[in-house]
Every structure is written in C-alpha cells, then in structure tokens.
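Student: I'm passing along entry.cif; it holds mmCIF, C-alpha atoms.
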data_protein
#
loop_
_atom_site.group_PDB
_atom_site.id
_atom_site.type_symbol
_atom_site.label_atom_id
_atom_site.label_comp_id
_atom_site.auth_asym_id
_atom_site.auth_seq_id
_atom_site.Cartn_x
_atom_site.Cartn_y
_atom_site.Cartn_z
ATOM 1 C CA MET M 1 -57.238 15.752 -93.247
ATOM 2 C CA SER M 2 -54.002 17.381 -94.339
ATOM 3 C CA SER M 3 -55.087 20.763 -92.948
ATOM 4 C CA LEU M 4 -54.813 19.160 -89.512
ATOM 5 C CA THR M 5 -51.152 18.260 -90.019
ATOM 6 C CA PRO M 6 -49.731 21.395 -88.327
ATOM 7 C CA PHE M 7 -51.986 20.818 -85.309
ATOM 8 C CA PHE M 8 -50.813 17.216 -84.890
ATOM 9 C CA GLN M 9 -47.202 18.300 -85.361
ATOM 10 C CA TRP M 10 -47.627 20.946 -82.700
ATOM 11 C CA CYS M 11 -49.160 18.363 -80.314
ATOM 12 C CA ASP M 12 -46.264 16.020 -81.000
ATOM 13 C CA ASN M 13 -43.746 18.716 -80.055
ATOM 14 C CA THR M 14 -45.057 20.164 -76.792
ATOM 15 C CA VAL M 15 -42.893 20.076 -73.670
ATOM 16 C CA ILE M 16 -45.227 17.460 -72.203
ATOM 17 C CA SER M 17 -44.979 15.215 -75.289
ATOM 18 C CA GLN M 18 -41.199 15.269 -75.126
ATOM 19 C CA ALA M 19 -41.103 14.724 -71.378
ATOM 20 C CA ILE M 20 -43.318 11.629 -71.700
ATOM 21 C CA ARG M 21 -41.216 10.282 -74.577
ATOM 22 C CA ASP M 22 -37.986 10.906 -72.681
ATOM 23 C CA SER M 23 -39.149 9.041 -69.604
ATOM 24 C CA LYS M 24 -38.977 5.291 -69.431
ATOM 25 C CA TYR M 25 -41.894 4.975 -67.043
ATOM 26 C CA ALA M 26 -44.252 7.855 -67.864
ATOM 27 C CA PHE M 27 -46.043 6.137 -70.754
ATOM 28 C CA PRO M 28 -46.759 2.814 -69.007
ATOM 29 C CA VAL M 29 -47.854 4.624 -65.821
ATOM 30 C CA ILE M 30 -50.272 6.871 -67.729
ATOM 31 C CA GLU M 31 -51.467 3.894 -69.756
ATOM 32 C CA ASN M 32 -52.225 1.973 -66.566
ATOM 33 C CA LEU M 33 -54.254 4.892 -65.200
ATOM 34 C CA HIS M 34 -56.088 4.996 -68.531
ATOM 35 C CA LEU M 35 -56.924 1.309 -68.059
ATOM 36 C CA PHE M 36 -58.196 1.915 -64.489
ATOM 37 C CA GLY M 37 -60.432 4.642 -65.890
ATOM 38 C CA LEU M 38 -61.746 2.256 -68.535
ATOM 39 C CA THR M 39 -62.563 -0.384 -65.929
ATOM 40 C CA VAL M 40 -64.535 2.059 -63.764
ATOM 41 C CA LEU M 41 -66.240 3.829 -66.679
ATOM 42 C CA LEU M 42 -67.397 0.687 -68.478
ATOM 43 C CA GLY M 43 -68.111 -1.099 -65.187
ATOM 44 C CA THR M 44 -70.490 1.599 -63.915
ATOM 45 C CA LEU M 45 -72.203 1.748 -67.327
ATOM 46 C CA VAL M 46 -72.673 -2.027 -67.401
ATOM 47 C CA VAL M 47 -74.210 -2.028 -63.899
ATOM 48 C CA LEU M 48 -76.642 0.750 -64.814
ATOM 49 C CA ALA M 49 -77.544 -0.889 -68.130
ATOM 50 C CA LEU M 50 -78.176 -4.240 -66.405
ATOM 51 C CA ARG M 51 -80.469 -2.380 -63.998
ATOM 52 C CA GLN M 52 -82.352 -0.841 -66.932
ATOM 53 C CA PHE M 53 -82.655 -4.229 -68.600
ATOM 54 C CA GLY M 54 -84.293 -5.376 -65.361
ATOM 55 C CA VAL M 55 -81.814 -8.090 -64.412
ATOM 56 C CA LEU M 56 -79.959 -6.413 -61.532
ATOM 57 C CA TYR M 57 -80.999 -4.481 -58.396
ATOM 58 C CA SER M 58 -84.690 -4.552 -59.370
ATOM 59 C CA SER M 59 -85.703 -3.319 -55.907
ATOM 60 C CA GLN M 60 -83.808 -0.032 -56.376
ATOM 61 C CA PRO M 61 -85.253 2.700 -58.600
ATOM 62 C CA ILE M 62 -83.141 3.218 -61.734
ATOM 63 C CA SER M 63 -82.549 6.883 -60.874
ATOM 64 C CA GLU M 64 -81.180 5.810 -57.463
ATOM 65 C CA VAL M 65 -78.689 3.355 -58.985
ATOM 66 C CA ALA M 66 -77.678 6.062 -61.457
ATOM 67 C CA ARG M 67 -77.158 8.566 -58.631
ATOM 68 C CA ALA M 68 -75.008 6.113 -56.634
ATOM 69 C CA LEU M 69 -72.764 5.457 -59.624
ATOM 70 C CA ARG M 70 -72.674 8.983 -61.058
ATOM 71 C CA PRO M 71 -69.582 10.378 -59.268
ATOM 72 C CA TRP M 72 -67.573 7.229 -60.121
ATOM 73 C CA ASN M 73 -68.704 7.378 -63.709
ATOM 74 C CA ARG M 74 -67.954 11.100 -64.023
ATOM 75 C CA TRP M 75 -64.523 10.956 -62.438
ATOM 76 C CA SER M 76 -63.567 7.995 -64.568
ATOM 77 C CA VAL M 77 -64.465 10.029 -67.669
ATOM 78 C CA VAL M 78 -62.264 12.867 -66.375
ATOM 79 C CA ILE M 79 -59.352 10.466 -65.757
ATOM 80 C CA MET M 80 -59.829 8.864 -69.169
ATOM 81 C CA LEU M 81 -59.744 12.243 -70.899
ATOM 82 C CA ILE M 82 -56.701 13.563 -69.013
ATOM 83 C CA THR M 83 -54.636 10.399 -69.405
ATOM 84 C CA GLY M 84 -55.895 9.957 -72.974
ATOM 85 C CA ILE M 85 -54.764 13.466 -73.940
ATOM 86 C CA LEU M 86 -51.338 12.802 -72.387
ATOM 87 C CA LEU M 87 -50.963 9.518 -74.280
ATOM 88 C CA PHE M 88 -52.040 11.263 -77.468
ATOM 89 C CA LEU M 89 -49.559 14.127 -77.012
ATOM 90 C CA SER M 90 -46.684 11.683 -76.612
ATOM 91 C CA GLU M 91 -47.430 10.046 -79.975
ATOM 92 C CA ALA M 92 -49.596 12.507 -81.879
ATOM 93 C CA MET M 93 -47.974 11.883 -85.254
ATOM 94 C CA LYS M 94 -48.388 8.119 -84.866
ATOM 95 C CA CYS M 95 -52.082 8.720 -84.138
ATOM 96 C CA PHE M 96 -52.371 11.056 -87.128
ATOM 97 C CA SER M 97 -51.790 8.256 -89.600
ATOM 98 C CA ASN M 98 -53.621 5.654 -87.554
ATOM 99 C CA GLN M 99 -57.048 4.579 -88.891
ATOM 100 C CA SER M 100 -58.141 3.090 -85.557
ATOM 101 C CA PHE M 101 -57.397 6.393 -83.810
ATOM 102 C CA ARG M 102 -59.787 8.201 -86.176
ATOM 103 C CA VAL M 103 -62.488 5.605 -85.577
ATOM 104 C CA LYS M 104 -61.912 5.932 -81.846
ATOM 105 C CA MET M 105 -62.320 9.724 -81.953
ATOM 106 C CA ILE M 106 -65.622 9.397 -83.825
ATOM 107 C CA PHE M 107 -66.899 6.895 -81.243
ATOM 108 C CA LEU M 108 -65.596 9.084 -78.418
ATOM 109 C CA PHE M 109 -67.370 12.258 -79.535
ATOM 110 C CA ALA M 110 -70.571 10.305 -80.179
ATOM 111 C CA ALA M 111 -70.342 8.598 -76.764
ATOM 112 C CA LEU M 112 -69.703 11.830 -74.839
ATOM 113 C CA LEU M 113 -72.437 13.658 -76.708
ATOM 114 C CA PHE M 114 -74.993 10.884 -76.308
ATOM 115 C CA GLN M 115 -74.239 10.206 -72.659
ATOM 116 C CA PHE M 116 -74.167 13.782 -71.428
ATOM 117 C CA THR M 117 -77.044 15.182 -73.458
ATOM 118 C CA ILE M 118 -79.488 12.279 -73.699
ATOM 119 C CA TYR M 119 -78.603 9.203 -71.645
ATOM 120 C CA ASN M 120 -77.911 10.843 -68.270
ATOM 121 C CA ARG M 121 -81.199 12.725 -68.538
ATOM 122 C CA ILE M 122 -83.111 9.547 -69.361
ATOM 123 C CA VAL M 123 -81.838 7.523 -66.385
ATOM 124 C CA ARG M 124 -82.508 10.417 -64.017
ATOM 125 C CA SER M 125 -86.230 10.177 -64.740
ATOM 126 C CA GLU M 126 -86.627 6.392 -64.705
ATOM 127 C CA ASP M 127 -88.146 4.619 -61.730
ATOM 128 C CA LYS M 128 -88.801 0.874 -61.303
ATOM 129 C CA VAL M 129 -89.099 -0.194 -64.945
ATOM 130 C CA ALA M 130 -87.233 1.278 -67.875
ATOM 131 C CA PRO M 131 -89.418 1.950 -70.925
ATOM 132 C CA ALA M 132 -88.269 0.497 -74.266
ATOM 133 C CA GLY M 133 -86.645 3.823 -75.107
ATOM 134 C CA GLY M 134 -84.554 3.706 -71.934
ATOM 135 C CA LYS M 135 -83.390 0.165 -72.680
ATOM 136 C CA ILE M 136 -82.453 1.150 -76.225
ATOM 137 C CA ALA M 137 -80.546 4.173 -74.874
ATOM 138 C CA ALA M 138 -78.668 1.845 -72.483
ATOM 139 C CA ALA M 139 -77.737 -0.444 -75.390
ATOM 140 C CA ILE M 140 -76.588 2.543 -77.463
ATOM 141 C CA VAL M 141 -74.430 4.022 -74.702
ATOM 142 C CA LEU M 142 -72.789 0.608 -74.114
ATOM 143 C CA CYS M 143 -72.118 0.117 -77.839
ATOM 144 C CA LEU M 144 -70.602 3.591 -78.152
ATOM 145 C CA TRP M 145 -68.280 3.268 -75.143
ATOM 146 C CA PHE M 146 -67.267 -0.320 -75.936
ATOM 147 C CA GLY M 147 -66.623 0.941 -79.458
ATOM 148 C CA VAL M 148 -64.255 3.532 -77.987
ATOM 149 C CA GLY M 149 -62.465 0.796 -76.015
ATOM 150 C CA LEU M 150 -62.242 -1.589 -78.957
ATOM 151 C CA ALA M 151 -60.953 1.053 -81.372
ATOM 152 C CA GLY M 152 -58.521 2.219 -78.673
ATOM 153 C CA ARG M 153 -57.104 -1.266 -78.318
ATOM 154 C CA ALA M 154 -56.897 -1.519 -82.114
ATOM 155 C CA ILE M 155 -54.613 1.560 -82.298
ATOM 156 C CA GLY M 156 -51.725 -0.613 -81.122
ATOM 157 C CA PHE M 157 -52.661 -3.710 -83.120
ATOM 158 C CA LEU M 158 -54.053 -2.709 -86.478
ATOM 159 C CA GLY M 159 -52.783 0.787 -87.083
ATOM 160 C CA MET I 1 -38.788 -31.377 -67.821
ATOM 161 C CA SER I 2 -38.433 -27.935 -66.294
ATOM 162 C CA ILE I 3 -41.249 -25.384 -66.112
ATOM 163 C CA LEU I 4 -39.534 -23.398 -68.846
ATOM 164 C CA ASP I 5 -39.474 -26.512 -71.071
ATOM 165 C CA MET I 6 -43.189 -26.995 -70.449
ATOM 166 C CA CYS I 7 -43.846 -23.348 -71.368
ATOM 167 C CA GLN I 8 -41.836 -23.798 -74.556
ATOM 168 C CA TRP I 9 -43.753 -26.978 -75.389
ATOM 169 C CA LEU I 10 -47.091 -25.266 -74.693
ATOM 170 C CA GLN I 11 -46.508 -22.308 -76.953
ATOM 171 C CA ASP I 12 -45.154 -24.597 -79.700
ATOM 172 C CA THR I 13 -48.411 -26.585 -79.811
ATOM 173 C CA ASN I 14 -50.640 -26.031 -82.842
ATOM 174 C CA ILE I 15 -53.060 -23.871 -80.888
ATOM 175 C CA GLY I 16 -50.324 -21.740 -79.344
ATOM 176 C CA THR I 17 -48.607 -21.175 -82.663
ATOM 177 C CA SER I 18 -51.821 -20.433 -84.559
ATOM 178 C CA ILE I 19 -52.991 -17.838 -82.022
ATOM 179 C CA ARG I 20 -49.588 -16.159 -81.924
ATOM 180 C CA GLU I 21 -49.177 -15.984 -85.679
ATOM 181 C CA SER I 22 -52.747 -15.054 -86.572
ATOM 182 C CA ILE I 23 -53.459 -11.463 -87.579
ATOM 183 C CA TRP I 24 -56.908 -11.406 -86.012
ATOM 184 C CA VAL I 25 -57.174 -14.084 -83.341
ATOM 185 C CA PHE I 26 -54.595 -12.660 -80.946
ATOM 186 C CA PRO I 27 -55.956 -9.072 -81.029
ATOM 187 C CA ILE I 28 -59.521 -10.355 -80.604
ATOM 188 C CA ILE I 29 -58.616 -12.493 -77.567
ATOM 189 C CA GLU I 30 -56.477 -9.710 -76.100
ATOM 190 C CA GLY I 31 -59.180 -7.077 -76.754
ATOM 191 C CA THR I 32 -61.805 -9.279 -75.121
ATOM 192 C CA HIS I 33 -59.510 -9.781 -72.122
ATOM 193 C CA VAL I 34 -59.143 -5.997 -71.712
ATOM 194 C CA LEU I 35 -62.782 -5.053 -72.288
ATOM 195 C CA ALA I 36 -64.056 -7.832 -70.005
ATOM 196 C CA LEU I 37 -62.271 -5.971 -67.195
ATOM 197 C CA SER I 38 -65.441 -3.880 -67.119
ATOM 198 C CA ILE I 39 -67.665 -6.830 -66.223
ATOM 199 C CA SER I 40 -65.215 -8.540 -63.898
ATOM 200 C CA VAL I 41 -63.349 -5.872 -61.919
ATOM 201 C CA GLY I 42 -65.828 -3.142 -62.936
ATOM 202 C CA LEU I 43 -68.715 -4.951 -61.259
ATOM 203 C CA LEU I 44 -66.557 -6.053 -58.349
ATOM 204 C CA LEU I 45 -65.860 -2.352 -57.737
ATOM 205 C CA VAL I 46 -69.550 -1.720 -57.047
ATOM 206 C CA SER I 47 -69.878 -4.466 -54.447
ATOM 207 C CA ASP I 48 -66.509 -3.556 -52.871
ATOM 208 C CA LEU I 49 -67.585 0.084 -52.574
ATOM 209 C CA ARG I 50 -70.727 -1.083 -50.740
ATOM 210 C CA LEU I 51 -68.549 -3.156 -48.385
ATOM 211 C CA MET I 52 -66.350 -0.121 -47.790
ATOM 212 C CA GLY I 53 -69.447 1.905 -46.958
ATOM 213 C CA TYR I 54 -69.269 4.387 -49.839
ATOM 214 C CA ILE I 55 -72.225 3.681 -52.130
ATOM 215 C CA MET I 56 -75.774 2.225 -51.974
ATOM 216 C CA LYS I 57 -75.526 2.503 -48.186
ATOM 217 C CA THR I 58 -79.277 2.288 -47.673
ATOM 218 C CA ARG I 59 -79.421 -1.077 -49.455
ATOM 219 C CA PRO I 60 -78.527 -4.328 -47.659
ATOM 220 C CA ALA I 61 -74.873 -5.214 -48.325
ATOM 221 C CA SER I 62 -75.850 -8.812 -49.106
ATOM 222 C CA GLU I 63 -78.322 -7.619 -51.768
ATOM 223 C CA VAL I 64 -75.695 -5.468 -53.502
ATOM 224 C CA TYR I 65 -73.195 -8.339 -53.369
ATOM 225 C CA GLU I 66 -75.382 -11.365 -54.165
ATOM 226 C CA GLN I 67 -77.168 -9.805 -57.122
ATOM 227 C CA ILE I 68 -74.007 -8.689 -58.836
ATOM 228 C CA LYS I 69 -72.237 -12.013 -58.196
ATOM 229 C CA PRO I 70 -73.469 -14.063 -61.201
ATOM 230 C CA TRP I 71 -72.655 -11.230 -63.619
ATOM 231 C CA MET I 72 -69.280 -10.673 -62.023
ATOM 232 C CA PHE I 73 -68.449 -14.384 -62.185
ATOM 233 C CA THR I 74 -69.412 -14.359 -65.856
ATOM 234 C CA GLY I 75 -66.899 -11.548 -66.295
ATOM 235 C CA PHE I 76 -64.188 -13.442 -64.422
ATOM 236 C CA ALA I 77 -64.926 -16.604 -66.443
ATOM 237 C CA ILE I 78 -64.300 -14.619 -69.646
ATOM 238 C CA MET I 79 -61.073 -13.265 -68.113
ATOM 239 C CA ILE I 80 -59.842 -16.754 -67.180
ATOM 240 C CA VAL I 81 -60.649 -18.319 -70.562
ATOM 241 C CA THR I 82 -59.100 -15.478 -72.609
ATOM 242 C CA GLY I 83 -56.208 -15.288 -70.133
ATOM 243 C CA ILE I 84 -55.425 -18.995 -70.571
ATOM 244 C CA PHE I 85 -55.292 -18.599 -74.355
ATOM 245 C CA LEU I 86 -53.056 -15.536 -74.055
ATOM 246 C CA PHE I 87 -50.700 -17.496 -71.792
ATOM 247 C CA TRP I 88 -50.853 -20.517 -74.095
ATOM 248 C CA CYS I 89 -49.490 -18.612 -77.093
ATOM 249 C CA GLN I 90 -46.719 -16.744 -75.256
ATOM 250 C CA ALA I 91 -45.901 -18.933 -72.282
ATOM 251 C CA VAL I 92 -42.132 -18.392 -72.427
ATOM 252 C CA LYS I 93 -42.476 -14.618 -72.503
ATOM 253 C CA ALA I 94 -44.854 -14.845 -69.526
ATOM 254 C CA TYR I 95 -42.524 -17.217 -67.679
ATOM 255 C CA ASN I 96 -39.648 -14.769 -68.079
ATOM 256 C CA SER I 97 -41.717 -11.777 -66.964
ATOM 257 C CA ILE I 98 -41.555 -10.711 -63.335
ATOM 258 C CA PHE I 99 -44.875 -8.902 -63.856
ATOM 259 C CA PHE I 100 -46.601 -12.121 -64.923
ATOM 260 C CA LYS I 101 -45.278 -14.032 -61.912
ATOM 261 C CA THR I 102 -46.346 -11.216 -59.606
ATOM 262 C CA LYS I 103 -49.758 -11.184 -61.276
ATOM 263 C CA ILE I 104 -50.283 -14.904 -60.599
ATOM 264 C CA VAL I 105 -49.291 -14.509 -56.939
ATOM 265 C CA LEU I 106 -51.647 -11.539 -56.553
ATOM 266 C CA LEU I 107 -54.478 -13.489 -58.208
ATOM 267 C CA VAL I 108 -54.048 -16.213 -55.588
ATOM 268 C CA VAL I 109 -54.024 -13.606 -52.807
ATOM 269 C CA ALA I 110 -57.169 -11.959 -54.220
ATOM 270 C CA ALA I 111 -58.908 -15.353 -54.328
ATOM 271 C CA LEU I 112 -57.861 -16.043 -50.725
ATOM 272 C CA ASN I 113 -59.155 -12.627 -49.688
ATOM 273 C CA ALA I 114 -62.541 -13.434 -51.258
ATOM 274 C CA ILE I 115 -62.680 -16.862 -49.594
ATOM 275 C CA LEU I 116 -61.700 -15.414 -46.204
ATOM 276 C CA PHE I 117 -64.435 -12.805 -46.550
ATOM 277 C CA GLU I 118 -67.087 -15.404 -47.473
ATOM 278 C CA ARG I 119 -66.057 -17.797 -44.699
ATOM 279 C CA GLY I 120 -65.473 -15.040 -42.151
ATOM 280 C CA ILE I 121 -67.392 -11.837 -41.579
ATOM 281 C CA TYR I 122 -69.899 -12.544 -44.380
ATOM 282 C CA ARG I 123 -71.258 -15.560 -42.476
ATOM 283 C CA ARG I 124 -72.610 -13.089 -39.936
ATOM 284 C CA VAL I 125 -73.914 -10.672 -42.569
ATOM 285 C CA ASP I 126 -77.417 -10.737 -41.061
ATOM 286 C CA LYS I 127 -75.973 -8.807 -38.093
ATOM 287 C CA TRP I 128 -74.591 -5.941 -40.224
ATOM 288 C CA ASP I 129 -76.533 -6.212 -43.481
ATOM 289 C CA ASN I 130 -78.241 -2.851 -43.040
ATOM 290 C CA ALA I 131 -75.313 -1.005 -41.470
ATOM 291 C CA LEU I 132 -74.533 2.156 -43.460
ATOM 292 C CA VAL I 133 -70.862 1.422 -42.880
ATOM 293 C CA PRO I 134 -70.062 -2.320 -42.540
ATOM 294 C CA PRO I 135 -67.721 -3.597 -39.785
ATOM 295 C CA MET I 136 -63.963 -3.147 -40.064
ATOM 296 C CA GLN I 137 -63.335 -6.711 -41.311
ATOM 297 C CA ALA I 138 -65.732 -6.257 -44.222
ATOM 298 C CA ARG I 139 -64.328 -2.807 -45.074
ATOM 299 C CA LEU I 140 -60.806 -4.210 -45.047
ATOM 300 C CA ALA I 141 -61.857 -7.039 -47.374
ATOM 301 C CA GLY I 142 -63.251 -4.410 -49.775
ATOM 302 C CA TRP I 143 -60.097 -2.287 -49.649
ATOM 303 C CA ALA I 144 -57.819 -5.305 -50.037
ATOM 304 C CA SER I 145 -59.833 -6.507 -53.006
ATOM 305 C CA LEU I 146 -59.656 -3.170 -54.847
ATOM 306 C CA ILE I 147 -55.952 -2.649 -54.156
ATOM 307 C CA LEU I 148 -55.139 -6.212 -55.244
ATOM 308 C CA TRP I 149 -57.123 -5.889 -58.469
ATOM 309 C CA ALA I 150 -55.553 -2.544 -59.299
ATOM 310 C CA ALA I 151 -52.149 -4.202 -58.861
ATOM 311 C CA ILE I 152 -53.229 -7.197 -60.969
ATOM 312 C CA ILE I 153 -54.364 -4.916 -63.806
ATOM 313 C CA THR I 154 -51.078 -3.014 -63.570
ATOM 314 C CA CYS I 155 -49.017 -6.220 -63.730
ATOM 315 C CA GLY I 156 -51.021 -7.452 -66.699
ATOM 316 C CA ARG I 157 -50.591 -4.246 -68.689
ATOM 317 C CA THR I 158 -46.944 -3.815 -67.742
ATOM 318 C CA MET I 159 -46.103 -7.351 -68.952
ATOM 319 C CA ALA I 160 -45.918 -5.846 -72.439
ATOM 320 C CA TYR I 161 -42.917 -3.726 -71.426
ATOM 321 C CA THR I 162 -39.306 -4.596 -70.848
ATOM 322 C CA PHE I 163 -37.524 -1.962 -68.814
#
Let me see whether you can do it: turn the structure in this file into structure tokens.

Tutor:
Amino acid sequence: MSSLTPFFQWCDNTVISQAIRDSKYAFPVIENLHLFGLTVLLGTLVVLALRQFGVLYSSQPISEVARALRPWNRWSVVIMLITGILLFLSEAMKCFSNQSFRVKMIFLFAALLFQFTIYNRIVRSEDKVAPAGGKIAAAIVLCLWFGVGLAGRAIGFLG
Amino acid sequence: MSILDMCQWLQDTNIGTSIRESIWVFPIIEGTHVLALSISVGLLLVSDLRLMGYIMKTRPASEVYEQIKPWMFTGFAIMIVTGIFLFWCQAVKAYNSIFFKTKIVLLVVAALNAILFERGIYRRVDKWDNALVPPMQARLAGWASLILWAAIITCGRTMAYTF
C-alpha cells in the first residue's frame, strides 16, 4: 500500500482539494448531491430487482422496465462518481488510512464491473419472467451496491 | 415542562443513552436510515416521474403508483422507525438544529401534498390514467413531492453540521 502514498498525497494537495477544504459549504453541498445520487441509483436498482423477482410491474417486460430506468440509473452513477471523487480529493489522506474506504473501493469496482459488463446485458434480454440466473444477478448487483453504500457510511463512523 | 426539558428527558432515558453511547447501535440505525432512502424516496421517484410524464408513459399511471405503494410504504416505515430512534438518542441536538425543525415542517408539507393528491386529482384517475402526460395538477403533485423530498434529505444530512 505504501507505494500509493505519493498518489494520495498528490490528490490531497490539488487546487480542488484545497478549495473544498477552504470553503465552509462546499463539502456539505457535495455530500448532499452524493446522497441524492445514492437515492436514485439504489432506488432504480431496487425497482428493477423487484421486477425481476416478480413482485412488481409484472405486466411490463423486464427489458422495458430496465429501459425506462436506464437514463436515471446511468446519470446517478455519473453524479456519484463526480461528487465522490471531489469528496475524496478533499480528504484523500484521511481516506488513505481508512479501512472502510478500502472496502468501499473494492465493492465499488466490483459493482461497476458487474453491472456494466454482466447485469445490464442480462436485463436487456429478459422478458416476462426472469430465469434463476437473472434473479441471482439482481441479488448480486443489490448486494454489491448496498455494500458500497454501507462501507461509505462506515468511513465516517468506523475509520 | 418545556419542549427542551422533554427532549433532555427523552435522551436521558435508558434507551436514548444506550443508543448514543453504543459503538455499533448508533451507526447501524443511522446506516439503515440512510440506505432505506433507496426504498422510500428511491421508489417514490419512479411513481413521481410517471406523474410528471417522464417515464413508463405507456403504462397506466395508477398501475405504476399502486404497485409500488406497498414497497414504498415499507421503506417509509423503516425511515420512521429508525428516525424515531435517532431522535430519541439526540433529542436536544435535534431541538437546537434549525435543519431538524425545517425537516419536520417539510415532512408535514410532503404528507399534505400526498393527501391532497389522493383526495384530489387521483380520485378522477380513470379519466387520465392512460394519458402520456398527466394533467397539470398531477404533474405539480409529482414535482412538489420530489422537490420536498430533496429538501428533506438535505435538511437531514445537514443536521450534522454547525455553520
């Protein structure tokens, strides 16, 4: 891990990092946007997963529900990443020594990878009933993203 | 006994003190409160967007709304229960916070908005159920709901700060 020290130090010292630290309001504002992103991201995933489990919107094909939610889901990921990077820059060295941050990053890379390579492709092809594989994929994507949220919340609490 | 005295008494109860001083209980309740945003406001977003005429336009508005309702209410029930415990253990801090007071007022307004929608334009939903873009009153209810909830989330998160 120590080979990453210079990178974290550099992140901690950018103009943006300092500007956010110097402002009284920047951090809470960015944090609030991050929370909006979380609500939309997890919300759209929960709706789609409930559809795959067969307990919501059964009259709509799964691919149609996925298509309706896709732009909201995508943009929320974009907002999460942008605001997340800004929050990270403003306290990169705190994150460096934070166990929960490391766990969060592992969950985050797994979630992004799984959603954009496997999960999105699966829901695109599903019609009225999700096969067992689709339901398992829905459970996995929920666990990964809720893991990101949980570990993210733990950064402030547990260190 | 003033309201502040009652808040002080509440957070000094055994339950209030134990939650506040526990290493795990407070973060677990707080984490649940934050993550349950996804099943309360997150699901509400979908039905509001249908009311505003942005998504699932070819599906009846009542179908989008009614089917999501039980799940959404489950989410809001989790929010209320965890929220009560969070208030319980730090009632004085909440009482002194302008953001908490604003949040409570906005929660009441959001509830009124929902009731007005149900008792108003939604009673005649059979007339506009299949409209791609619902009537103005329904769209306004959707907009008001989303703006109010965004403000409620903001107040909740900002409670942690003192400027």

Student: Compute the chain I side of the contact with chain M at 8 Å, counting all atoms listed in the file, and hand it back as a ChimeraX atom specification.

Tutor: /I:27,31,35,37-39,41-43,45-46,55-56,63-64,67-68,150,153-154,157-158,161,163

Student: Name the residues that the PyMOL selection byres ((chain M and resi 80) around 8) pulls out of this structure, and write them as a PyMOL selection string.

Tutor: chain M and resi 33-34+37-38+76-79+81-84

Student: Any idea what's packed within 12 Å of Phe76 in chain I, counting only C-alpha atoms, ignoring anything in its chain fewer than 3 positions away? Could you give it as an MDAnalysis selection string?

Tutor: chainID I and resid 32:44 69:73 79:83 107 111 149

Student: Name all residues at most 12 Å from Gln137 in chain I (count all atoms listed in the file; drop same-chain ones fewer than 6 positions away) and give them as a list in words.

Tutor: Leu51, Met52, Gly53, Asn113, Leu116, Phe117, Glu118, Arg119, Gly120, Ile121, Tyr122, Arg123, Arg124, Val125, Trp128, Trp143 and Ala144 of chain I

Student: Find the distance between CA of Ala151 in chain I and CA of Ile98 in chain I and write it in Å to one decimal.

Tutor: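 These two atoms are separated by 13.2 Å.
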
Student: I would like the residues chosen by the PyMOL selection byres ((chain I and resi 61) around 7) on the shown file; could you give them as a list of chain:residue names?

Tutor: I:Arg50, I:Leu51, I:Arg59, I:Pro60, I:Ser62, I:Glu63, I:Val64, I:Tyr65, I:Asp129, I:Asn130

Student: Considering all atoms listed in the file, state which residue in the set I:Cys89, I:Ala94, I:Leu140, I:Leu132 is at the smallest distance from Gln11 in chain I.

Tutor: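 Closest residue, counting all atoms listed in the file: I:Cys89.
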
Student: To one decimal in Å, tell me the separation between CA of Gly16 in chain I and CA of Ala110 in chain I.

Tutor: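 Distance reported for this atom pair: 27.8 Å.
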
Student: Would you mind reading off the distance between CA of Ala139 in chain M and CA of Arg124 in chain M, one decimal, in Å?

Tutor: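 According to the coordinates, CA of Ala139 in chain M and CA of Arg124 in chain M are separated by 16.4 Å.
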
Student: Which is closest to Pro134 in chain I among I:Ile19, I:Ile29, I:Leu10, I:Leu49, if we use only C-alpha atoms?

Tutor: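 That would be I:Leu49, the residue with the smallest distance to Pro134 in chain I.
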
Student: Pick out the residues sitting within 12 Å of Ile3 in chain I, and hand them over as a ChimeraX atom specification; count all atoms listed in the file, and ignore anything fewer than 6 positions along from it in its own chain.

Tutor: /I:9-10,91-92,94-96

Student: For the residues selected in the previous step, produce a file with C-alpha atoms as a PDB file, keeping the file's coordinate frame.

Tutor:
ATOM      1  CA  TRP I   9     -43.753 -26.978 -75.389  1.00  0.00           C
ATOM      2  CA  LEU I  10     -47.091 -25.266 -74.693  1.00  0.00           C
ATOM      3  CA  ALA I  91     -45.901 -18.933 -72.282  1.00  0.00           C
ATOM      4  CA  VAL I  92     -42.132 -18.392 -72.427  1.00  0.00           C
ATOM      5  CA  ALA I  94     -44.854 -14.845 -69.526  1.00  0.00           C
ATOM      6  CA  TYR I  95     -42.524 -17.217 -67.679  1.00  0.00           C
ATOM      7  CA  ASN I  96     -39.648 -14.769 -68.079  1.00  0.00           C
TER       8      ASN I  96
END

Student: Can you pull out the residues contacting Asn98 in chain M? Cut-off 9 Å, using all atoms listed in the file, and skip same-chain residues under 4 positions away; I want them as a ChimeraX atom specification.

Tutor: /M:93-94,102,155,158-159

Student: To test your reading of the syntax: which residues would the PyMOL selection byres ((chain M and resi 62) around 8) return for the file shown? Reply as a PyMOL selection string.

Tutor: chain M and resi 48+51-52+60-61+63-66+123-124+126-130

Student: Tell me which protein, DNA and RNA residues are within 8 Å of Leu108 in chain M, counting only C-alpha atoms, leaving out same-chain ones fewer than 3 positions away, and put them as a PDB file with C-alpha atoms, in the coordinates of the input.

Tutor:
ATOM      1  CA  LYS M 104     -61.912   5.932 -81.846  1.00  0.00           C
ATOM      2  CA  MET M 105     -62.320   9.724 -81.953  1.00  0.00           C
ATOM      3  CA  ALA M 111     -70.342   8.598 -76.764  1.00  0.00           C
ATOM      4  CA  LEU M 112     -69.703  11.830 -74.839  1.00  0.00           C
ATOM      5  CA  LEU M 144     -70.602   3.591 -78.152  1.00  0.00           C
ATOM      6  CA  TRP M 145     -68.280   3.268 -75.143  1.00  0.00           C
ATOM      7  CA  VAL M 148     -64.255   3.532 -77.987  1.00  0.00           C
TER       8      VAL M 148
END

Student: Pick the closest to Val15 in chain M from M:Ser100, M:Ser90, M:Ser3, M:Asn73: which is it, counting only C-alpha atoms?

Tutor: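 Counting only C-alpha atoms, the residue closest to Val15 in chain M is M:Ser90.
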
Student: Taking only C-alpha atoms into account, which of M:Phe53, M:Leu4, M:Thr117, M:Phe88 comes nearest Gly134 in chain M?

Tutor: M:Phe53
